[in-house]
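Printed here is entry31.csv (CSV, C-alpha atoms):
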```csv
chain,number,residue,atom,x,y,z
A,1,MET,CA,-40.4,-15.6,-50.5
A,2,GLY,CA,-37.9,-12.8,-50.0
A,3,ILE,CA,-35.7,-11.2,-52.6
A,4,VAL,CA,-36.4,-12.6,-56.0
A,5,THR,CA,-34.0,-10.4,-58.0
A,6,ALA,CA,-31.7,-7.4,-57.5
A,7,PHE,CA,-30.3,-5.0,-60.0
A,8,ALA,CA,-28.3,-1.8,-60.2
A,9,ALA,CA,-28.7,0.7,-63.0
A,10,SER,CA,-27.5,4.1,-64.1
A,11,HIS,CA,-30.2,6.7,-64.6
A,12,ALA,CA,-28.9,9.5,-66.7
A,13,PRO,CA,-31.7,11.7,-68.0
A,14,GLY,CA,-30.3,11.5,-71.6
A,15,ILE,CA,-31.2,7.8,-71.7
A,16,THR,CA,-34.8,8.7,-72.2
A,17,GLY,CA,-34.5,12.5,-72.9
A,18,TRP,CA,-32.0,12.5,-75.8
A,19,PRO,CA,-31.2,8.9,-76.8
A,20,GLU,CA,-30.7,10.1,-80.4
A,21,ASN,CA,-27.6,12.1,-79.4
A,22,ALA,CA,-25.7,8.9,-78.5
A,23,PRO,CA,-24.1,6.8,-81.2
A,24,PRO,CA,-26.9,4.5,-82.3
A,25,ASP,CA,-25.0,1.3,-81.7
A,26,GLN,CA,-24.0,2.4,-78.3
A,27,ALA,CA,-27.5,3.5,-77.3
A,28,GLN,CA,-28.9,0.3,-78.6
A,29,ARG,CA,-26.5,-1.9,-76.6
A,30,PHE,CA,-27.4,0.0,-73.5
A,31,LEU,CA,-31.2,-0.1,-74.1
A,32,GLU,CA,-30.9,-3.8,-75.0
A,33,GLY,CA,-29.5,-4.2,-71.5
A,34,PHE,CA,-32.5,-2.6,-70.0
A,35,LYS,CA,-34.7,-4.9,-72.1
A,36,SER,CA,-32.8,-7.9,-70.7
A,37,LEU,CA,-33.3,-6.7,-67.2
A,38,HIS,CA,-37.0,-6.1,-67.9
A,39,GLY,CA,-37.2,-9.8,-69.0
A,40,ARG,CA,-35.5,-11.0,-65.8
A,41,LEU,CA,-37.8,-8.8,-63.6
A,42,THR,CA,-40.9,-10.0,-65.4
A,43,SER,CA,-39.8,-13.7,-64.9
A,44,ALA,CA,-39.1,-13.0,-61.2
A,45,ARG,CA,-42.8,-11.8,-60.8
A,46,PRO,CA,-42.1,-9.3,-58.1
A,47,GLU,CA,-44.9,-8.2,-55.8
A,48,LEU,CA,-42.9,-5.3,-54.4
A,49,LEU,CA,-40.0,-3.2,-55.5
A,50,ILE,CA,-37.6,-1.6,-53.1
A,51,VAL,CA,-36.0,1.3,-55.0
A,52,LEU,CA,-32.7,2.7,-53.7
A,53,THR,CA,-32.3,6.0,-55.3
A,54,PRO,CA,-30.3,9.2,-54.8
A,55,GLU,CA,-31.7,12.6,-53.7
A,56,HIS,CA,-31.5,15.2,-56.5
A,57,TRP,CA,-33.0,18.3,-54.7
A,58,VAL,CA,-36.6,17.2,-55.3
A,59,ASN,CA,-37.5,16.1,-51.8
A,60,PHE,CA,-35.0,17.6,-49.4
A,61,PHE,CA,-32.9,20.8,-49.1
A,62,LEU,CA,-30.1,22.0,-46.9
A,63,ASN,CA,-32.5,22.9,-44.1
A,64,ASN,CA,-33.2,19.1,-43.6
A,65,MET,CA,-31.2,16.5,-45.4
A,66,PRO,CA,-31.6,13.0,-44.2
A,67,ALA,CA,-28.9,10.5,-45.0
A,68,PHE,CA,-31.6,7.9,-45.9
A,69,CYS,CA,-35.3,8.3,-46.1
A,70,LEU,CA,-37.8,5.5,-46.5
A,71,GLY,CA,-41.1,6.2,-48.3
A,72,ILE,CA,-44.1,4.9,-46.4
A,73,GLY,CA,-46.7,6.7,-48.5
A,74,GLU,CA,-49.8,5.2,-50.2
A,75,SER,CA,-48.4,6.3,-53.6
A,76,PHE,CA,-45.6,8.3,-55.2
A,77,ASN,CA,-45.7,10.6,-58.2
A,78,GLY,CA,-43.0,11.0,-60.7
A,79,PRO,CA,-41.1,12.0,-62.6
A,80,ILE,CA,-41.0,15.6,-61.3
A,81,GLU,CA,-39.2,16.7,-64.4
A,82,GLU,CA,-41.1,18.1,-67.4
A,83,THR,CA,-42.3,15.4,-69.8
A,84,ALA,CA,-41.0,17.4,-72.8
A,85,TRP,CA,-37.4,17.2,-71.3
A,86,LEU,CA,-37.2,13.7,-69.8
A,87,LYS,CA,-39.7,12.0,-72.1
A,88,VAL,CA,-40.9,9.7,-69.3
A,89,PRO,CA,-44.7,9.9,-68.8
A,90,LYS,CA,-45.9,11.2,-65.5
A,91,ALA,CA,-47.4,8.4,-63.3
A,92,THR,CA,-48.6,7.6,-59.9
A,93,LEU,CA,-46.9,4.5,-58.5
A,94,PRO,CA,-48.6,2.5,-55.8
A,95,GLY,CA,-46.7,2.5,-52.4
A,96,ALA,CA,-46.7,-0.3,-49.9
A,97,PRO,CA,-47.3,1.5,-46.6
A,98,ARG,CA,-47.8,-1.7,-44.5
A,99,GLN,CA,-44.6,-3.3,-45.6
A,100,ALA,CA,-42.8,0.0,-45.6
A,101,ARG,CA,-43.6,0.7,-42.0
A,102,ALA,CA,-42.6,-2.9,-41.1
A,103,LEU,CA,-39.3,-2.3,-43.0
A,104,PHE,CA,-38.8,0.9,-41.2
A,105,ASP,CA,-39.4,-0.6,-37.8
A,106,ALA,CA,-37.0,-3.5,-38.5
A,107,MET,CA,-34.3,-1.4,-40.1
A,108,SER,CA,-34.4,1.2,-37.3
A,109,GLN,CA,-32.9,-1.4,-34.9
A,110,GLU,CA,-29.6,-0.9,-36.8
A,111,ILE,CA,-29.8,2.1,-39.1
A,112,ASP,CA,-31.1,5.6,-38.2
A,113,ILE,CA,-33.3,6.1,-41.2
A,114,ALA,CA,-35.8,8.9,-41.8
A,115,PHE,CA,-39.3,8.2,-43.2
A,116,SER,CA,-41.7,10.2,-45.3
A,117,GLU,CA,-45.3,9.7,-46.4
A,118,GLU,CA,-44.7,12.0,-49.3
A,119,LEU,CA,-41.8,11.6,-51.7
A,120,SER,CA,-41.5,12.7,-55.3
A,121,LEU,CA,-39.7,10.5,-57.7
A,122,ASP,CA,-37.4,12.0,-60.3
A,123,HIS,CA,-35.3,10.7,-63.2
A,124,GLY,CA,-33.3,8.7,-60.6
A,125,ALA,CA,-36.0,6.2,-60.1
A,126,MET,CA,-38.2,6.9,-63.1
A,127,VAL,CA,-35.7,6.4,-65.9
A,128,PRO,CA,-34.8,2.8,-64.8
A,129,LEU,CA,-38.5,2.0,-63.9
A,130,HIS,CA,-39.6,3.3,-67.3
A,131,PHE,CA,-37.8,0.3,-68.8
A,132,LEU,CA,-38.1,-2.2,-65.9
A,133,THR,CA,-41.8,-1.8,-65.0
A,134,PRO,CA,-43.3,0.4,-67.8
A,135,GLN,CA,-46.8,-0.1,-66.5
A,136,MET,CA,-45.7,1.4,-63.2
A,137,ASN,CA,-48.1,-0.9,-61.4
A,138,VAL,CA,-45.8,-2.8,-59.0
A,139,PRO,CA,-46.0,-1.3,-55.5
A,140,ILE,CA,-42.7,0.4,-54.5
A,141,ILE,CA,-40.9,1.3,-51.3
A,142,PRO,CA,-38.4,4.1,-52.3
A,143,ILE,CA,-35.4,4.6,-50.1
A,144,ILE,CA,-33.9,8.0,-50.9
A,145,MET,CA,-30.1,8.3,-50.2
A,146,ASN,CA,-28.1,11.5,-49.9
A,147,CYS,CA,-25.5,11.2,-52.6
A,148,LEU,CA,-25.8,14.8,-53.4
A,149,THR,CA,-24.4,17.2,-50.9
A,150,HIS,CA,-21.8,17.1,-48.1
A,151,PRO,CA,-21.7,15.8,-45.5
A,152,LEU,CA,-22.6,12.6,-47.2
A,153,PRO,CA,-23.4,9.4,-45.4
A,154,PRO,CA,-20.2,7.2,-45.3
A,155,LEU,CA,-20.0,4.6,-48.0
A,156,SER,CA,-19.6,1.9,-45.4
A,157,ARG,CA,-23.0,2.9,-43.8
A,158,CYS,CA,-24.7,2.7,-47.2
A,159,TYR,CA,-23.3,-0.8,-47.6
A,160,ARG,CA,-24.5,-1.6,-44.1
A,161,LEU,CA,-27.9,-0.2,-44.9
A,162,GLY,CA,-28.1,-2.7,-47.7
A,163,GLN,CA,-27.0,-5.6,-45.5
A,164,VAL,CA,-29.7,-4.8,-42.9
A,165,LEU,CA,-32.3,-4.3,-45.6
A,166,GLY,CA,-31.4,-7.6,-47.3
A,167,ASP,CA,-31.5,-9.6,-44.0
A,168,ILE,CA,-34.9,-8.3,-43.2
A,169,VAL,CA,-36.5,-8.7,-46.6
A,170,ARG,CA,-35.2,-12.3,-47.0
A,171,GLY,CA,-37.7,-13.3,-44.3
A,172,TRP,CA,-40.7,-11.7,-46.0
A,173,PRO,CA,-43.5,-13.7,-47.6
A,174,GLU,CA,-43.7,-11.2,-50.6
A,175,ARG,CA,-41.6,-11.6,-53.7
A,176,VAL,CA,-39.4,-8.5,-53.5
A,177,ALA,CA,-37.1,-7.0,-56.2
A,178,ILE,CA,-34.4,-4.5,-55.3
A,179,VAL,CA,-33.5,-1.9,-57.8
A,180,ALA,CA,-30.6,0.5,-57.1
A,181,THR,CA,-30.0,3.5,-59.3
A,182,GLY,CA,-27.2,6.0,-59.8
A,183,GLY,CA,-23.7,6.6,-61.2
A,184,LEU,CA,-21.4,5.6,-62.4
A,185,SER,CA,-18.7,8.2,-63.1
A,186,HIS,CA,-20.1,11.6,-64.1
A,187,TRP,CA,-19.7,15.3,-63.5
A,188,PRO,CA,-23.3,16.5,-63.9
A,189,GLY,CA,-24.0,20.2,-64.2
A,190,THR,CA,-20.3,21.2,-63.9
A,191,PRO,CA,-17.9,22.6,-66.4
A,192,GLN,CA,-16.5,19.0,-66.7
A,193,ALA,CA,-19.9,17.6,-67.6
A,194,GLY,CA,-19.4,15.0,-70.3
A,195,LYS,CA,-16.2,13.6,-68.7
A,196,ILE,CA,-16.3,9.9,-67.9
A,197,ASN,CA,-13.7,7.9,-66.1
A,198,VAL,CA,-13.9,4.5,-67.8
A,199,ASP,CA,-11.1,3.0,-65.7
A,200,PHE,CA,-12.9,3.9,-62.5
A,201,ASP,CA,-16.1,2.5,-63.8
A,202,ARG,CA,-14.5,-0.8,-65.0
A,203,LYS,CA,-12.7,-1.2,-61.7
A,204,PHE,CA,-16.0,-0.7,-59.8
A,205,LEU,CA,-17.9,-3.1,-62.1
A,206,GLN,CA,-15.1,-5.7,-61.7
A,207,ALA,CA,-15.5,-5.4,-57.9
A,208,MET,CA,-19.2,-6.1,-58.4
A,209,ILE,CA,-18.4,-9.1,-60.6
A,210,GLU,CA,-16.1,-10.5,-57.9
A,211,GLY,CA,-18.4,-9.7,-55.0
A,212,ALA,CA,-15.6,-7.4,-53.7
A,213,THR,CA,-17.4,-4.1,-53.4
A,214,GLU,CA,-16.5,-3.7,-49.8
A,215,GLU,CA,-13.1,-2.3,-51.0
A,216,PHE,CA,-15.0,0.7,-52.3
A,217,THR,CA,-16.6,1.4,-48.9
A,218,ARG,CA,-13.1,2.5,-47.9
A,219,TYR,CA,-12.8,5.3,-50.5
A,220,THR,CA,-13.0,8.8,-49.1
A,221,ASP,CA,-15.6,11.2,-50.7
A,222,MET,CA,-12.6,13.2,-52.0
A,223,GLU,CA,-11.1,10.2,-53.7
A,224,ILE,CA,-14.5,9.4,-55.4
A,225,GLU,CA,-15.1,12.9,-56.4
A,226,SER,CA,-11.6,13.6,-57.8
A,227,GLN,CA,-11.5,10.3,-59.8
A,228,ALA,CA,-15.1,9.9,-60.9
A,229,GLY,CA,-16.9,13.2,-60.4
A,230,PRO,CA,-19.5,14.3,-57.9
A,231,GLY,CA,-22.0,12.1,-59.7
A,232,ALA,CA,-20.1,9.1,-58.6
A,233,HIS,CA,-21.2,9.6,-55.0
A,234,GLU,CA,-24.2,7.8,-56.4
A,235,ILE,CA,-22.4,4.5,-56.1
A,236,ARG,CA,-24.1,4.5,-52.7
A,237,PRO,CA,-27.2,2.8,-53.9
A,238,TRP,CA,-25.1,0.2,-55.8
A,239,LEU,CA,-23.1,-0.5,-52.6
A,240,ALA,CA,-26.4,-0.9,-50.7
A,241,ALA,CA,-27.7,-3.3,-53.3
A,242,ALA,CA,-24.4,-5.3,-53.0
A,243,GLY,CA,-24.8,-5.3,-49.2
A,244,ALA,CA,-28.4,-6.6,-49.6
A,245,ALA,CA,-27.1,-9.3,-52.0
A,246,ARG,CA,-24.6,-10.3,-49.3
A,247,ASN,CA,-21.9,-9.2,-51.9
A,248,ALA,CA,-23.0,-12.0,-54.2
A,249,LYS,CA,-21.2,-11.9,-57.6
A,250,ALA,CA,-22.9,-9.6,-60.1
A,251,GLU,CA,-23.3,-10.0,-63.8
A,252,VAL,CA,-22.5,-6.9,-65.8
A,253,ILE,CA,-25.4,-6.7,-68.3
A,254,THR,CA,-23.8,-3.8,-70.1
A,255,TYR,CA,-21.5,-0.9,-69.6
A,256,GLU,CA,-21.3,2.0,-72.0
A,257,PRO,CA,-19.5,5.3,-71.4
A,258,VAL,CA,-22.0,7.4,-73.2
A,259,GLN,CA,-20.6,10.9,-73.8
A,260,ALA,CA,-23.9,12.3,-75.1
A,261,TRP,CA,-25.5,11.3,-71.8
A,262,ALA,CA,-22.4,12.5,-69.9
A,263,THR,CA,-22.4,9.3,-67.8
A,264,GLY,CA,-20.6,6.0,-67.5
A,265,CYS,CA,-23.8,3.9,-67.9
A,266,GLY,CA,-23.8,0.5,-66.3
A,267,LEU,CA,-26.4,-2.2,-65.6
A,268,VAL,CA,-25.8,-5.2,-63.3
A,269,ALA,CA,-27.8,-8.1,-62.0
A,270,PHE,CA,-26.8,-10.0,-58.9
A,271,ASP,CA,-26.3,-13.7,-59.7
A,272,GLU,CA,-27.6,-14.9,-56.4
A,273,PHE,CA,-31.1,-14.1,-57.5
A,274,HIS,CA,-30.9,-15.2,-61.1
B,1,MET,CA,-23.3,36.4,-49.3
B,2,SER,CA,-26.6,34.5,-49.3
B,3,LEU,CA,-25.8,31.4,-51.3
B,4,TYR,CA,-28.1,29.5,-49.1
B,5,PHE,CA,-31.1,31.5,-50.3
B,6,VAL,CA,-30.1,31.5,-53.9
B,7,GLN,CA,-30.1,27.7,-53.6
B,8,LYS,CA,-33.3,27.7,-51.7
B,9,LEU,CA,-35.0,29.6,-54.5
B,10,PHE,CA,-33.7,27.1,-57.1
B,11,TYR,CA,-34.9,24.2,-54.9
B,12,HIS,CA,-38.4,25.8,-54.7
B,13,LEU,CA,-38.4,26.3,-58.5
B,14,ASN,CA,-37.8,22.5,-58.7
B,15,VAL,CA,-40.5,21.4,-56.4
B,16,ASP,CA,-43.2,24.1,-56.1
B,17,PRO,CA,-45.2,24.7,-59.3
B,18,LYS,CA,-46.6,28.0,-57.8
B,19,ALA,CA,-43.1,29.4,-57.2
B,20,LYS,CA,-42.2,28.3,-60.7
B,21,LYS,CA,-45.2,30.1,-62.2
B,22,LEU,CA,-44.6,33.3,-60.1
B,23,PHE,CA,-41.0,33.3,-61.2
B,24,GLN,CA,-42.2,33.3,-64.8
B,25,THR,CA,-44.9,36.0,-64.4
B,26,ASP,CA,-43.6,38.2,-61.7
B,27,PRO,CA,-40.0,37.3,-60.7
B,28,ASP,CA,-39.5,40.3,-58.4
B,29,ALA,CA,-42.5,39.3,-56.3
B,30,LEU,CA,-41.0,35.8,-55.8
B,31,LEU,CA,-37.4,37.0,-55.3
B,32,ALA,CA,-38.6,39.4,-52.5
B,33,ASP,CA,-39.3,36.3,-50.4
B,34,TYR,CA,-35.6,35.4,-50.3
B,35,ARG,CA,-32.7,37.2,-48.6
B,36,LEU,CA,-30.6,38.0,-51.7
B,37,THR,CA,-28.0,40.5,-52.5
B,38,PRO,CA,-28.4,42.8,-55.6
B,39,GLN,CA,-25.6,40.8,-57.3
B,40,GLU,CA,-27.5,37.6,-56.7
B,41,ILE,CA,-30.7,39.1,-58.0
B,42,ARG,CA,-29.0,40.3,-61.1
B,43,ALA,CA,-27.4,36.9,-61.7
B,44,ILE,CA,-30.7,35.1,-61.3
B,45,LYS,CA,-32.7,37.5,-63.4
B,46,GLU,CA,-30.1,37.4,-66.2
B,47,ALA,CA,-29.5,33.7,-65.8
B,48,ASP,CA,-25.8,34.4,-65.5
B,49,LEU,CA,-24.8,30.8,-65.1
B,50,ALA,CA,-21.1,31.4,-64.8
B,51,ALA,CA,-21.7,33.9,-62.0
B,52,LEU,CA,-24.1,31.6,-60.2
B,53,TYR,CA,-21.6,28.7,-60.6
B,54,ARG,CA,-18.8,30.8,-59.2
B,55,MET,CA,-21.0,31.8,-56.2
B,56,GLY,CA,-21.1,28.1,-55.4
B,57,VAL,CA,-24.6,27.1,-56.5
B,58,HIS,CA,-24.8,23.3,-56.6
B,59,PRO,CA,-24.5,22.1,-60.2
B,60,LEU,CA,-27.7,20.0,-59.8
B,61,LEU,CA,-29.6,23.1,-58.7
B,62,LEU,CA,-28.0,25.2,-61.5
B,63,ARG,CA,-28.8,22.7,-64.3
B,64,PRO,CA,-32.6,22.6,-63.7
B,65,PHE,CA,-32.6,26.4,-63.3
B,66,ALA,CA,-31.0,26.7,-66.7
B,67,THR,CA,-33.5,24.3,-68.2
B,68,LEU,CA,-36.3,26.4,-66.7
B,69,LYS,CA,-34.8,29.5,-68.4
B,70,GLY,CA,-34.8,27.6,-71.7
B,71,ILE,CA,-31.0,27.0,-71.8
B,72,GLY,CA,-30.2,23.8,-73.6
B,73,ASN,CA,-27.2,21.4,-73.0
B,74,ALA,CA,-24.9,23.1,-75.6
B,75,ASP,CA,-25.5,26.6,-74.3
B,76,TYR,CA,-25.1,25.4,-70.7
B,77,ARG,CA,-21.7,23.9,-71.5
B,78,LYS,CA,-20.7,27.1,-73.3
B,79,ALA,CA,-21.7,29.3,-70.3
B,80,LEU,CA,-19.6,27.3,-67.9
B,81,ALA,CA,-16.7,26.6,-70.3
B,82,GLY,CA,-13.3,27.3,-68.8
B,83,LEU,CA,-14.5,27.6,-65.2
B,84,ALA,CA,-12.7,25.5,-62.6
B,85,GLU,CA,-14.5,22.7,-60.9
B,86,GLY,CA,-15.7,24.5,-57.8
B,87,ASN,CA,-18.4,22.7,-55.9
```

Just give me the structure of the file as structure tokens.
Amino acid sequence: MGIVTAFAASHAPGITGWPENAPPDQAQRFLEGFKSLHGRLTSARPELLIVLTPEHWVNFFLNNMPAFCLGIGESFNGPIEETAWLKVPKATLPGAPRQARALFDAMSQEIDIAFSEELSLDHGAMVPLHFLTPQMNVPIIPIIMNCLTHPLPPLSRCYRLGQVLGDIVRGWPERVAIVATGGLSHWPGTPQAGKINVDFDRKFLQAMIEGATEEFTRYTDMEIESQAGPGAHEIRPWLAAAGAARNAKAEVITYEPVQAWATGCGLVAFDEFH
Amino acid sequence: MSLYFVQKLFYHLNVDPKAKKLFQTDPDALLADYRLTPQEIRAIKEADLAALYRMGVHPLLLRPFATLKGIGNADYRKALAGLAEGN
């Protein structure tokens, strides 16, 4: 059956942790967007989720930082953050070890990806999944991407990873949904936290709409960081999703620059799978 | 300068509940496992966020450390106010 739907979503902890700090109409518009994606995902009846999500110092450290790591475990726990802070209940999500190993074998022909039987999920995966699959019962294959610390995997390789992933999964019998999480512009944990570059975000989303994200693979890390903050390195999973969707045009479900969540918050769905 | 070990400590506080518990009950015992300078030990024990940021601690290691120390969003912003973007 292959890919039945593909989304990309921001994952700021404030979305679940402190929604009340955002202007109510803005928070509501964003959360309505998640509701709409939940509806699409439910209709697509996925049997498996491939979740492309950034590393946030919960699986890897500077002694061993893979560019990409595919989770082949039986199950995954998350979120690692305290429930009182993130307000996402802790859960054990089923993995898909057989398909994950097959995916690893096939991807390894083109991409040098690491694997792990044990990965923790944090707000990066769990905030979007909290809205998309609140029962946390759809088996997942997480792919953790280093969007966190230099040297970062080149944006072009992240896009290529998505292309390889998409080409493989299209031939699978399972109904697979791809969920990419991260970004958009933000300066998390820095003195500039709260700053959002709406122009950058809109330009990126416009590229998603036009199926022209390859342009962004030519940005240097310095350009991304100076324009849209270190958090914008998390456009990597978005570019991977665009690659998996063969750069199909995307529909922007919502975009809200939410100051209280310190993040340009976007949600997109790829038309090809709608 | 042992920024690496300051960051390694913060990483362990993220991922290892035993380290987190020891940090809260007997921080000296935990800190002894890391190669830290007296200045770093002081900054960690006093949760001197500005000093830790200036040392080069990654913001996404500093933020959860601050949360562990009970420092909320507003106080975190206040502690770093005026510092140049450094990491």

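Of the residues under consideration (A:Ile209, A:Val58, A:Leu93, A:Val258), A:Val58 shows the shortest atom-to-atom contact distance to chain B when counting only C-alpha atoms.
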
Checklist entry - With distances taken over only C-alpha atoms, which of A:His150, A:Lys35, A:Lys203, A:Lys90 is nearest to chain B? => result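 That would be A:His150, the residue with the smallest distance to chain B.
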
Item to check | Counting all atoms listed in the file, chain B residues within 6 Å of chain A, as a list in words | outcome: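 Those within range of chain A come out as Val15, Pro59, Leu60, Arg63, Leu80 and Ala81 of chain B.
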
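For the choices A:Ala244, A:Ala228, A:Cys69, A:Val127, the atom-to-atom distance to Thr263 of chain A is smallest for A:Ala228 when using only C-alpha atoms.
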
Item to check | Atomic distance atom CA of Cys158 of chain A - atom CA of Leu61 of chain B, expressed in Å with one decimal | outcome: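 Taking atom CA of Cys158 of chain A and atom CA of Leu61 of chain B, their separation equals 23.9 Å.
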